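Heads up, target-v9.json below (JSON, C-alpha atoms):
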[["chain", "number", "residue", "atom", "x", "y", "z"],
["Y", 286, "MET", "CA", 119.27, 220.50, 120.61],
["Y", 287, "ASP", "CA", 116.24, 218.63, 119.25],
["Y", 288, "GLY", "CA", 113.56, 220.28, 117.18],
["Y", 289, "LEU", "CA", 113.14, 222.64, 114.26],
["Y", 290, "PHE", "CA", 113.88, 226.34, 114.63],
["Y", 291, "ILE", "CA", 112.73, 228.72, 111.89],
["Y", 292, "ASP", "CA", 114.88, 231.72, 112.70],
["Y", 293, "ASP", "CA", 113.63, 235.10, 111.39],
["Y", 294, "ILE", "CA", 113.08, 233.89, 107.83],
["Y", 295, "SER", "CA", 112.42, 236.38, 105.02],
["Y", 296, "MET", "CA", 112.15, 235.58, 101.32],
["Y", 297, "ARG", "CA", 112.22, 238.03, 98.44],
["Y", 298, "PHE", "CA", 111.91, 237.07, 94.78],
["Y", 299, "ASP", "CA", 113.46, 239.54, 92.34],
["Y", 300, "LEU", "CA", 111.56, 240.06, 89.08],
["Y", 301, "PRO", "CA", 113.01, 240.58, 85.55],
["Y", 302, "ASP", "CA", 111.55, 244.11, 85.40],
["Y", 303, "GLY", "CA", 113.56, 245.18, 88.43],
["Y", 304, "GLY", "CA", 110.72, 244.82, 90.90],
["Y", 305, "HIS", "CA", 110.42, 242.20, 93.60],
["Y", 306, "VAL", "CA", 107.90, 240.13, 95.56],
["Y", 307, "GLN", "CA", 108.30, 239.88, 99.32],
["Y", 308, "ALA", "CA", 106.94, 236.37, 99.90],
["Y", 309, "LEU", "CA", 107.85, 236.06, 103.59],
["Y", 310, "LYS", "CA", 108.86, 238.54, 106.27],
["Y", 311, "ASN", "CA", 110.44, 237.79, 109.66],
["Y", 312, "VAL", "CA", 108.89, 234.36, 110.27],
["Y", 313, "THR", "CA", 110.11, 232.77, 113.50],
["Y", 314, "LEU", "CA", 108.85, 229.45, 114.83],
["Y", 315, "ASP", "CA", 110.16, 227.00, 117.41],
["Y", 316, "ILE", "CA", 108.76, 223.54, 116.64],
["Y", 317, "LYS", "CA", 109.56, 220.83, 119.16],
["Y", 318, "SER", "CA", 110.41, 217.32, 118.06],
["Y", 319, "GLY", "CA", 107.23, 215.27, 117.56],
["Y", 320, "GLU", "CA", 104.87, 218.22, 117.15],
["Y", 321, "LEU", "CA", 102.17, 218.28, 114.48],
["Y", 322, "MET", "CA", 101.63, 221.72, 112.95],
["Y", 323, "SER", "CA", 99.08, 222.67, 110.31],
["Y", 324, "VAL", "CA", 99.51, 225.91, 108.35],
["Y", 325, "LEU", "CA", 96.64, 227.93, 106.89],
["Y", 326, "GLY", "CA", 96.36, 231.23, 105.10],
["Y", 327, "PRO", "CA", 94.99, 232.96, 102.02],
["Y", 328, "SER", "CA", 96.48, 232.30, 98.59],
["Y", 329, "GLY", "CA", 99.87, 233.94, 98.15],
["Y", 330, "CYS", "CA", 100.74, 234.16, 101.85],
["Y", 331, "GLY", "CA", 103.94, 232.12, 101.43],
["Y", 332, "LYS", "CA", 102.87, 228.79, 102.92],
["Y", 333, "THR", "CA", 104.52, 226.64, 100.25],
["Y", 334, "THR", "CA", 107.53, 228.97, 100.06],
["Y", 335, "LEU", "CA", 108.10, 228.45, 103.78],
["Y", 336, "LEU", "CA", 107.81, 224.68, 103.38],
["Y", 337, "ASN", "CA", 110.27, 224.70, 100.48],
["Y", 338, "ILE", "CA", 112.77, 226.67, 102.57],
["Y", 339, "VAL", "CA", 112.48, 224.14, 105.41],
["Y", 340, "ALA", "CA", 112.93, 221.34, 102.86],
["Y", 341, "GLY", "CA", 116.09, 223.01, 101.58],
["Y", 342, "PHE", "CA", 114.74, 223.54, 98.06],
["Y", 343, "LEU", "CA", 115.02, 227.33, 98.48],
["Y", 344, "ALA", "CA", 117.61, 229.42, 100.32],
["Y", 345, "PRO", "CA", 115.99, 232.27, 102.29],
["Y", 346, "THR", "CA", 116.95, 235.88, 101.60],
["Y", 347, "GLU", "CA", 117.41, 236.37, 105.34],
["Y", 348, "GLY", "CA", 117.39, 234.11, 108.38],
["Y", 349, "GLN", "CA", 118.09, 230.42, 108.74],
["Y", 350, "ILE", "CA", 116.55, 227.02, 109.42],
["Y", 351, "VAL", "CA", 118.11, 225.00, 112.24],
["Y", 352, "LEU", "CA", 117.20, 221.33, 112.70],
["Y", 353, "ASN", "CA", 118.48, 219.42, 115.73],
["Y", 354, "GLY", "CA", 121.22, 221.97, 116.26],
["Y", 355, "HIS", "CA", 122.58, 222.26, 112.71],
["Y", 356, "LYS", "CA", 121.82, 224.69, 109.94],
["Y", 357, "VAL", "CA", 119.79, 223.47, 106.95],
["Y", 358, "GLU", "CA", 121.71, 224.22, 103.75],
["Y", 359, "GLY", "CA", 119.95, 222.02, 101.19],
["Y", 360, "PRO", "CA", 117.76, 218.95, 100.73],
["Y", 361, "ASP", "CA", 118.49, 216.01, 103.01],
["Y", 362, "PRO", "CA", 116.74, 212.71, 103.87],
["Y", 363, "GLU", "CA", 116.28, 214.01, 107.43],
["Y", 364, "ARG", "CA", 113.47, 216.13, 105.95],
["Y", 365, "GLY", "CA", 110.91, 214.20, 103.89],
["Y", 366, "MET", "CA", 108.39, 215.82, 101.57],
["Y", 367, "VAL", "CA", 104.94, 214.61, 100.56],
["Y", 368, "PHE", "CA", 103.54, 216.65, 97.66],
["Y", 369, "GLN", "CA", 99.95, 217.34, 96.58],
["Y", 370, "GLN", "CA", 100.45, 214.87, 93.75],
["Y", 371, "GLY", "CA", 102.45, 211.85, 94.86],
["Y", 372, "ALA", "CA", 105.44, 212.57, 92.56],
["Y", 373, "LEU", "CA", 105.88, 208.81, 92.31],
["Y", 374, "PHE", "CA", 107.95, 206.92, 89.79],
["Y", 375, "GLU", "CA", 105.39, 205.62, 87.31],
["Y", 376, "TRP", "CA", 107.75, 203.01, 85.86],
["Y", 377, "MET", "CA", 108.29, 201.35, 89.26],
["Y", 378, "ASN", "CA", 105.89, 199.21, 91.22],
["Y", 379, "VAL", "CA", 104.69, 200.10, 94.73],
["Y", 380, "ARG", "CA", 107.45, 198.26, 96.59],
["Y", 381, "ASP", "CA", 110.21, 199.78, 94.45],
["Y", 382, "ASN", "CA", 108.80, 203.27, 94.97],
["Y", 383, "VAL", "CA", 108.82, 202.85, 98.74],
["Y", 384, "SER", "CA", 112.32, 201.34, 98.81],
["Y", 385, "PHE", "CA", 113.79, 204.01, 96.54],
["Y", 386, "GLY", "CA", 115.33, 206.09, 99.33],
["Y", 387, "PRO", "CA", 117.14, 203.25, 101.13],
["Y", 388, "ARG", "CA", 118.39, 201.91, 97.78],
["Y", 389, "MET", "CA", 119.79, 205.32, 96.85],
["Y", 390, "LYS", "CA", 121.63, 205.37, 100.19],
["Y", 391, "GLY", "CA", 123.27, 202.08, 99.22],
["Y", 392, "ALA", "CA", 121.42, 199.94, 101.75],
["Y", 393, "GLN", "CA", 121.45, 196.19, 101.23],
["Y", 394, "LYS", "CA", 118.16, 194.62, 100.19],
["Y", 395, "SER", "CA", 118.14, 192.48, 103.31],
["Y", 396, "ALA", "CA", 118.34, 195.63, 105.42],
["Y", 397, "TYR", "CA", 115.29, 197.39, 104.00],
["Y", 398, "THR", "CA", 112.92, 194.67, 102.71],
["Y", 399, "GLU", "CA", 111.32, 193.98, 106.08],
["Y", 400, "LYS", "CA", 110.95, 197.69, 106.82],
["Y", 401, "VAL", "CA", 109.33, 198.39, 103.44],
["Y", 402, "ASP", "CA", 106.89, 195.52, 103.90],
["Y", 403, "HIS", "CA", 106.06, 196.81, 107.39],
["Y", 404, "LEU", "CA", 105.37, 200.32, 106.07],
["Y", 405, "LEU", "CA", 103.14, 198.97, 103.33],
["Y", 406, "GLU", "CA", 101.20, 197.06, 105.96],
["Y", 407, "ILE", "CA", 100.82, 200.22, 108.06],
["Y", 408, "VAL", "CA", 99.38, 202.21, 105.12],
["Y", 409, "GLY", "CA", 97.16, 199.31, 104.03],
["Y", 410, "LEU", "CA", 98.94, 198.40, 100.80],
["Y", 411, "GLN", "CA", 100.46, 195.04, 101.70],
["Y", 412, "ASP", "CA", 98.41, 193.37, 98.95],
["Y", 413, "PHE", "CA", 99.49, 195.89, 96.29],
["Y", 414, "LYS", "CA", 103.30, 195.59, 96.47],
["Y", 415, "GLU", "CA", 103.71, 194.51, 92.88],
["Y", 416, "LYS", "CA", 101.10, 196.83, 91.38],
["Y", 417, "ALA", "CA", 102.11, 199.58, 88.99],
["Y", 418, "ILE", "CA", 101.44, 203.12, 90.19],
["Y", 419, "TYR", "CA", 98.93, 203.79, 87.39],
["Y", 420, "GLU", "CA", 96.81, 200.89, 88.68],
["Y", 421, "LEU", "CA", 96.20, 202.66, 92.00],
["Y", 422, "SER", "CA", 93.58, 205.21, 92.98],
["Y", 423, "GLY", "CA", 94.59, 208.72, 94.03],
["Y", 424, "GLY", "CA", 94.23, 207.86, 97.72],
["Y", 425, "MET", "CA", 96.35, 204.74, 97.35],
["Y", 426, "GLN", "CA", 99.04, 206.71, 95.53],
["Y", 427, "GLN", "CA", 99.21, 209.16, 98.44],
["Y", 428, "ARG", "CA", 99.58, 206.20, 100.79],
["Y", 429, "VAL", "CA", 102.57, 205.08, 98.71],
["Y", 430, "ALA", "CA", 103.99, 208.61, 98.93],
["Y", 431, "LEU", "CA", 103.66, 208.56, 102.72],
["Y", 432, "ALA", "CA", 105.30, 205.15, 102.99],
["Y", 433, "ARG", "CA", 108.14, 206.25, 100.67],
["Y", 434, "CYS", "CA", 108.73, 209.29, 102.85],
["Y", 435, "LEU", "CA", 108.78, 207.20, 106.05],
["Y", 436, "ALA", "CA", 111.19, 204.66, 104.51],
["Y", 437, "ASN", "CA", 113.94, 207.31, 104.77],
["Y", 438, "ASP", "CA", 113.18, 207.69, 108.50],
["Y", 439, "PRO", "CA", 113.16, 211.51, 108.36],
["Y", 440, "ASP", "CA", 113.10, 213.62, 111.50],
["Y", 441, "VAL", "CA", 110.61, 216.00, 109.89],
["Y", 442, "ILE", "CA", 107.80, 215.23, 107.43],
["Y", 443, "LEU", "CA", 106.69, 218.17, 105.27],
["Y", 444, "MET", "CA", 103.30, 217.85, 103.61],
["Y", 445, "ASP", "CA", 102.21, 220.31, 100.91],
["Y", 446, "GLU", "CA", 98.43, 220.04, 100.49],
["Y", 447, "PRO", "CA", 98.79, 216.23, 100.29],
["Y", 448, "LEU", "CA", 95.08, 215.42, 100.49],
["Y", 449, "GLY", "CA", 93.63, 218.28, 98.45],
["Y", 450, "ALA", "CA", 92.95, 216.25, 95.30],
["Y", 451, "LEU", "CA", 91.11, 213.41, 97.07],
["Y", 452, "ASP", "CA", 87.36, 212.86, 97.31],
["Y", 453, "ALA", "CA", 85.74, 213.60, 100.67],
["Y", 454, "LEU", "CA", 85.57, 210.03, 102.00],
["Y", 455, "THR", "CA", 89.12, 209.13, 100.95],
["Y", 456, "ARG", "CA", 90.38, 212.41, 102.39],
["Y", 457, "GLU", "CA", 88.83, 211.63, 105.76],
["Y", 458, "LYS", "CA", 90.45, 208.18, 105.79],
["Y", 459, "MET", "CA", 93.82, 209.71, 104.92],
["Y", 460, "GLN", "CA", 93.43, 212.31, 107.67],
["Y", 461, "SER", "CA", 92.97, 209.48, 110.15],
["Y", 462, "LEU", "CA", 96.03, 207.72, 108.73],
["Y", 463, "VAL", "CA", 98.16, 210.87, 109.12],
["Y", 464, "LEU", "CA", 97.11, 211.17, 112.77],
["Y", 465, "ASP", "CA", 97.87, 207.51, 113.44],
["Y", 466, "LEU", "CA", 101.30, 207.77, 111.77],
["Y", 467, "TRP", "CA", 102.10, 210.91, 113.74],
["Y", 468, "LYS", "CA", 101.28, 209.25, 117.04],
["Y", 469, "ASP", "CA", 102.92, 205.90, 116.18],
["Y", 470, "THR", "CA", 106.17, 207.30, 114.76],
["Y", 471, "GLY", "CA", 106.66, 210.43, 116.88],
["Y", 472, "LYS", "CA", 107.71, 212.36, 113.78],
["Y", 473, "THR", "CA", 107.55, 216.13, 113.53],
["Y", 474, "ILE", "CA", 104.99, 216.98, 110.84],
["Y", 475, "ILE", "CA", 104.25, 220.30, 109.15],
["Y", 476, "LEU", "CA", 101.18, 220.20, 106.93],
["Y", 477, "ILE", "CA", 100.05, 222.91, 104.51],
["Y", 478, "THR", "CA", 96.34, 222.95, 103.72],
["Y", 479, "HIS", "CA", 93.66, 225.28, 102.36],
["Y", 480, "SER", "CA", 90.96, 223.50, 104.37],
["Y", 481, "VAL", "CA", 90.14, 225.03, 107.75],
["Y", 482, "GLU", "CA", 88.47, 221.78, 108.83],
["Y", 483, "GLU", "CA", 91.57, 219.76, 107.94],
["Y", 484, "ALA", "CA", 93.87, 222.24, 109.69],
["Y", 485, "LEU", "CA", 91.78, 221.93, 112.84],
["Y", 486, "LEU", "CA", 91.82, 218.13, 112.76],
["Y", 487, "LEU", "CA", 95.50, 217.71, 111.86],
["Y", 488, "GLY", "CA", 97.13, 220.46, 113.89],
["Y", 489, "GLU", "CA", 97.89, 220.29, 117.59],
["Y", 490, "ARG", "CA", 99.44, 223.61, 116.62],
["Y", 491, "LEU", "CA", 97.62, 225.58, 113.94],
["Y", 492, "LEU", "CA", 99.35, 228.53, 112.31],
["Y", 493, "VAL", "CA", 97.40, 231.19, 110.41],
["Y", 494, "MET", "CA", 99.57, 233.23, 108.04],
["Y", 495, "ALA", "CA", 98.79, 236.76, 106.88],
["Y", 496, "PRO", "CA", 98.88, 237.81, 103.21],
["Y", 497, "ARG", "CA", 101.97, 239.09, 101.42],
["Y", 498, "PRO", "CA", 104.43, 239.62, 102.83],
["Y", 499, "GLY", "CA", 103.74, 236.26, 104.48],
["Y", 500, "ARG", "CA", 104.06, 236.39, 108.25],
["Y", 501, "VAL", "CA", 102.62, 234.74, 111.33],
["Y", 502, "HIS", "CA", 99.20, 236.24, 112.08],
["Y", 503, "LYS", "CA", 97.92, 233.96, 114.84],
["Y", 504, "GLU", "CA", 98.71, 230.59, 116.36],
["Y", 505, "TYR", "CA", 96.37, 228.14, 118.08],
["Y", 506, "ARG", "CA", 97.08, 225.16, 120.30],
["Y", 507, "LEU", "CA", 94.26, 222.68, 119.86],
["Y", 508, "PRO", "CA", 93.08, 219.35, 121.33],
["Y", 509, "PHE", "CA", 91.50, 217.92, 118.16],
["Y", 510, "ALA", "CA", 94.53, 216.07, 116.73],
["Y", 511, "ASP", "CA", 95.07, 214.13, 119.95],
["Y", 512, "LEU", "CA", 91.34, 213.45, 120.23],
["Y", 513, "GLY", "CA", 91.27, 212.17, 116.63],
["Y", 514, "VAL", "CA", 93.93, 209.48, 117.03],
["Y", 515, "GLY", "CA", 92.13, 206.17, 116.58],
["Y", 516, "GLN", "CA", 88.74, 207.89, 116.67],
["Y", 517, "ASP", "CA", 85.99, 208.72, 114.17],
["Y", 518, "LEU", "CA", 86.87, 212.25, 113.04],
["Y", 519, "ARG", "CA", 83.20, 213.07, 112.62],
["Y", 520, "GLU", "CA", 82.85, 212.59, 116.39],
["Y", 521, "VAL", "CA", 85.78, 214.96, 116.98],
["Y", 522, "LYS", "CA", 83.95, 217.64, 114.98],
["Y", 523, "LYS", "CA", 81.17, 217.53, 117.60],
["Y", 524, "HIS", "CA", 83.55, 218.88, 120.25],
["Y", 525, "LYS", "CA", 82.14, 222.03, 121.85],
["Y", 526, "ASP", "CA", 85.08, 224.21, 120.74],
["Y", 527, "TYR", "CA", 85.44, 222.87, 117.19],
["Y", 528, "ASN", "CA", 82.81, 224.96, 115.41],
["Y", 529, "THR", "CA", 83.62, 228.09, 117.41],
["Y", 530, "THR", "CA", 87.29, 227.92, 116.40],
["Y", 531, "ARG", "CA", 86.36, 227.00, 112.84],
["Y", 532, "GLU", "CA", 84.13, 230.07, 112.43],
["Y", 533, "GLU", "CA", 86.74, 232.35, 113.99],
["Y", 534, "ILE", "CA", 89.44, 231.19, 111.57],
["Y", 535, "LEU", "CA", 87.12, 231.26, 108.55],
["Y", 536, "SER", "CA", 86.22, 234.88, 109.32],
["Y", 537, "MET", "CA", 89.88, 235.73, 109.79],
["Y", 538, "ILE", "CA", 90.89, 234.30, 106.41],
["Y", 539, "TRP", "CA", 87.81, 235.75, 104.67],
["Y", 540, "ASN", "CA", 88.81, 239.22, 105.89],
["Y", 541, "MET", "CA", 92.34, 238.67, 104.60],
["Y", 542, "GLU", "CA", 91.03, 237.61, 101.18],
["Y", 543, "GLU", "CA", 88.87, 240.75, 101.02],
["Y", 544, "GLU", "CA", 91.92, 242.85, 101.90],
["Y", 545, "ILE", "CA", 93.89, 241.22, 99.06],
["Y", 546, "MET", "CA", 91.06, 241.85, 96.59],
["Y", 547, "GLY", "CA", 90.85, 245.47, 97.72],
["Y", 548, "ARG", "CA", 94.56, 245.96, 97.09],
["Y", 549, "ALA", "CA", 94.22, 244.44, 93.62],
["Y", 550, "GLU", "CA", 91.34, 246.79, 92.74],
["Y", 551, "GLU", "CA", 93.30, 249.83, 93.94],
["Y", 552, "SER", "CA", 96.32, 248.93, 91.81],
["Y", 553, "ALA", "CA", 94.23, 248.16, 88.69]]
So that I can check it, write out the structure of this file as structure tokens.
Amino acid sequence: MDGLFIDDISMRFDLPDGGHVQALKNVTLDIKSGELMSVLGPSGCGKTTLLNIVAGFLAPTEGQIVLNGHKVEGPDPERGMVFQQGALFEWMNVRDNVSFGPRMKGAQKSAYTEKVDHLLEIVGLQDFKEKAIYELSGGMQQRVALARCLANDPDVILMDEPLGALDALTREKMQSLVLDLWKDTGKTIILITHSVEEALLLGERLLVMAPRPGRVHKEYRLPFADLGVGQDLREVKKHKDYNTTREEILSMIWNMEEEIMGRAEESA
């Protein structure tokens, strides 16, 4: 059974004072193989917690994650993670960072060298193989992180606000790269973002989560990701439904943020 099934996931964090925080409540999602999902929501709605559970970094309080018919019980190369900061190995050059996964699996150099070089060509870093990480810009470092993730050939790529720290122009270029990689590789991708515009562009499925306890509030199925493959994303933003959907989601999240602030004032 292909695909990722998030089966009635709840997550509660117990506090030292005897209290607890209910981060997620009864989240169920059926994500087909090759789908691209973006996840939005106000701060504290459990977006990153959900991603960490799918990655296997956290065990849920209730429910389970099932990938391709088997239960997820911990981290595994079948699920790759790209973080907000690249989490790269500063003491290694670009090529060694990208080849890290295959080397840790015990692969022979002859088996992964061509693949690594191909990935570096795809992300536009073929001329930077021997460069140290600190010599690269933020956008280039995120390209290395993407290539390193793909080198493990994961079934699912999890992206936690991977473009948030980039300047506007670099971010747009990276958004285009993500779309191209999604279409070329057929990977399942789940991307967390705080940007409504980015969620619209990078989500054929867009999930809006409600504030704590985190839960599914509304889901959209959108044409913009497919339209953006190989196209100027600024042209995609001119689509007749883009601004309408953008304003609807912005209002939705704004209302949630006001609700959170109201709760905080009542408890103060």
- Query: Between Y:Leu535, Y:Leu352, Y:Leu454, Y:Val501, which has the minimum distance to Val441 in chain Y (counting only C-alpha atoms)?
  - Reply: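 Residue with the minimum atom-to-atom distance to Val441 in chain Y: Y:Leu352.
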- Query: Which residues come within 9 Å of Ala344 in chain Y, counting only C-alpha atoms, excluding same-chain residues fewer than 4 positions away, as a ChimeraX atom specification?
  - Reply: /Y:296,337-339,349,358-359
Would you list the contacts of Arg433 in chain Y as a PDB file with C-alpha atoms, in the coordinates of the input, taking every protein, DNA or RNA residue within 7 Å and counting only C-alpha atoms, but skipping same-chain residues closer than 4 positions in sequence?
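Final output, saved to result_7.pdb:
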ATOM      1  CA  ASN Y 382     108.800 203.270  94.970  1.00  0.00           C
ATOM      2  CA  VAL Y 383     108.820 202.850  98.740  1.00  0.00           C
ATOM      3  CA  SER Y 384     112.320 201.340  98.810  1.00  0.00           C
ATOM      4  CA  VAL Y 429     102.570 205.080  98.710  1.00  0.00           C
TER       5      VAL Y 429
END
- Extract, using only C-alpha atoms, all DNA, RNA and protein residues at most 12 Å from Tyr397 in chain Y, discarding same-chain residues fewer than 3 positions from it, and format them as a PyMOL selection string. chain Y and resi 380-381+383-394+400-404+433+435-438
- Select, from Y:Ala417, Y:Met366, Y:Met541, Y:Leu462, the residue with the minimum atom-to-atom distance to Arg497 in chain Y, counting only C-alpha atoms.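 Nearest to Arg497 in chain Y: Y:Met541.
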- Message: With only C-alpha atoms as the counted atoms, please give the residues lying no more than 8 Å from Ile316 in chain Y, apart from itself and same-chain residues fewer than 2 positions off, as JSON, numbers by chain.
- Response: {"Y": [288, 289, 290, 314, 318, 320]}
- Query: Could you name the residues that touch Pro496 in chain Y at 12 Å or less, counting only C-alpha atoms, but leaving out those on the same chain fewer than 3 positions away, as an MDAnalysis selection string?
  - Reply: chainID Y and resid 307:310 325:332 493 499:502 537:546 548
- Just give me the gap between CA of Trp376 in chain Y and CA of Lys416 in chain Y in Å, one decimal is fine.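 CA of Lys416 in chain Y lies at a distance of 10.6 Å from CA of Trp376 in chain Y.
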- Message: Please compute the CA of Lys472 in chain Y-CA of Ser422 in chain Y distance, one decimal, in Å.
- Response: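 Atom-to-atom, CA of Lys472 in chain Y and CA of Ser422 in chain Y are spaced 26.1 Å apart.
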- Task: For CA of Val306 in chain Y and CA of Ile477 in chain Y, quote the distance in Å rounded to one decimal.
- Result: 20.9 Å
Counting only C-alpha atoms, which residues come within 7 Å of (118.2, 220.1, 101.2), with the point read in the file's coordinates, and could you list them as a PDB file with C-alpha atoms, in the coordinates of the input?
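part_24.pdb was written with the following content:
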ATOM      1  CA  ALA Y 340     112.930 221.340 102.860  1.00  0.00           C
ATOM      2  CA  GLY Y 341     116.090 223.010 101.580  1.00  0.00           C
ATOM      3  CA  PHE Y 342     114.740 223.540  98.060  1.00  0.00           C
ATOM      4  CA  VAL Y 357     119.790 223.470 106.950  1.00  0.00           C
ATOM      5  CA  GLU Y 358     121.710 224.220 103.750  1.00  0.00           C
ATOM      6  CA  GLY Y 359     119.950 222.020 101.190  1.00  0.00           C
ATOM      7  CA  PRO Y 360     117.760 218.950 100.730  1.00  0.00           C
ATOM      8  CA  ASP Y 361     118.490 216.010 103.010  1.00  0.00           C
TER       9      ASP Y 361
END
- Query: Which is closest to Ile475 in chain Y among Y:Arg490, Y:His305, Y:Arg531, Y:Arg297, if we use all atoms listed in the file?
  - Reply: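 When distances to Ile475 in chain Y are compared using all atoms listed in the file, the smallest one comes from Y:Arg490.
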- Query: Counting all atoms listed in the file, which of Y:Asp440, Y:Asp526, Y:Gly304, Y:Pro345 gets nearest to Asp287 in chain Y?
  - Reply: Y:Asp440
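With distances restricted to only C-alpha atoms, Y:Leu485 is the closest residue to Asn528 in chain Y from Y:Leu485, Y:Ile291, Y:Leu300, Y:Ile350.
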- Item | Residue nearest Gln369 in chain Y among Y:Thr455, Y:Thr530, Y:Ser295, Y:Thr333 (counting all atoms listed in the file) | Y:Thr333
Neighbourhood query: residues within 10 Å of (90.4, 221.2, 115.6), file coordinates, counting all atoms listed in the file; return as an mmCIF file with C-alpha atoms, keeping the file's coordinate frame.
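selection.cif, written as the output of this step:
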data_model
loop_
_atom_site.group_PDB
_atom_site.id
_atom_site.type_symbol
_atom_site.label_atom_id
_atom_site.label_comp_id
_atom_site.auth_asym_id
_atom_site.auth_seq_id
_atom_site.Cartn_x
_atom_site.Cartn_y
_atom_site.Cartn_z
ATOM 1 C CA VAL Y 481 90.140 225.030 107.750
ATOM 2 C CA GLU Y 482 88.470 221.780 108.830
ATOM 3 C CA GLU Y 483 91.570 219.760 107.940
ATOM 4 C CA ALA Y 484 93.870 222.240 109.690
ATOM 5 C CA LEU Y 485 91.780 221.930 112.840
ATOM 6 C CA LEU Y 486 91.820 218.130 112.760
ATOM 7 C CA LEU Y 487 95.500 217.710 111.860
ATOM 8 C CA GLY Y 488 97.130 220.460 113.890
ATOM 9 C CA GLU Y 489 97.890 220.290 117.590
ATOM 10 C CA ARG Y 490 99.440 223.610 116.620
ATOM 11 C CA LEU Y 491 97.620 225.580 113.940
ATOM 12 C CA TYR Y 505 96.370 228.140 118.080
ATOM 13 C CA ARG Y 506 97.080 225.160 120.300
ATOM 14 C CA LEU Y 507 94.260 222.680 119.860
ATOM 15 C CA PRO Y 508 93.080 219.350 121.330
ATOM 16 C CA PHE Y 509 91.500 217.920 118.160
ATOM 17 C CA ALA Y 510 94.530 216.070 116.730
ATOM 18 C CA ASP Y 511 95.070 214.130 119.950
ATOM 19 C CA LEU Y 512 91.340 213.450 120.230
ATOM 20 C CA GLY Y 513 91.270 212.170 116.630
ATOM 21 C CA LEU Y 518 86.870 212.250 113.040
ATOM 22 C CA VAL Y 521 85.780 214.960 116.980
ATOM 23 C CA LYS Y 522 83.950 217.640 114.980
ATOM 24 C CA HIS Y 524 83.550 218.880 120.250
ATOM 25 C CA ASP Y 526 85.080 224.210 120.740
ATOM 26 C CA TYR Y 527 85.440 222.870 117.190
ATOM 27 C CA ASN Y 528 82.810 224.960 115.410
ATOM 28 C CA THR Y 529 83.620 228.090 117.410
ATOM 29 C CA THR Y 530 87.290 227.920 116.400
ATOM 30 C CA ARG Y 531 86.360 227.000 112.840
#
Give, as AutoDock Vina command-line options, the centre coordinates and the x, y and z edge lengths in Å to one decimal for an axis-aligned box around all listed atoms of range 301-320 of chain Y, padded by 3 Å on each side.
--center_x 109.2 --center_y 230.2 --center_z 102.3 --size_x 14.7 --size_y 35.9 --size_z 39.8
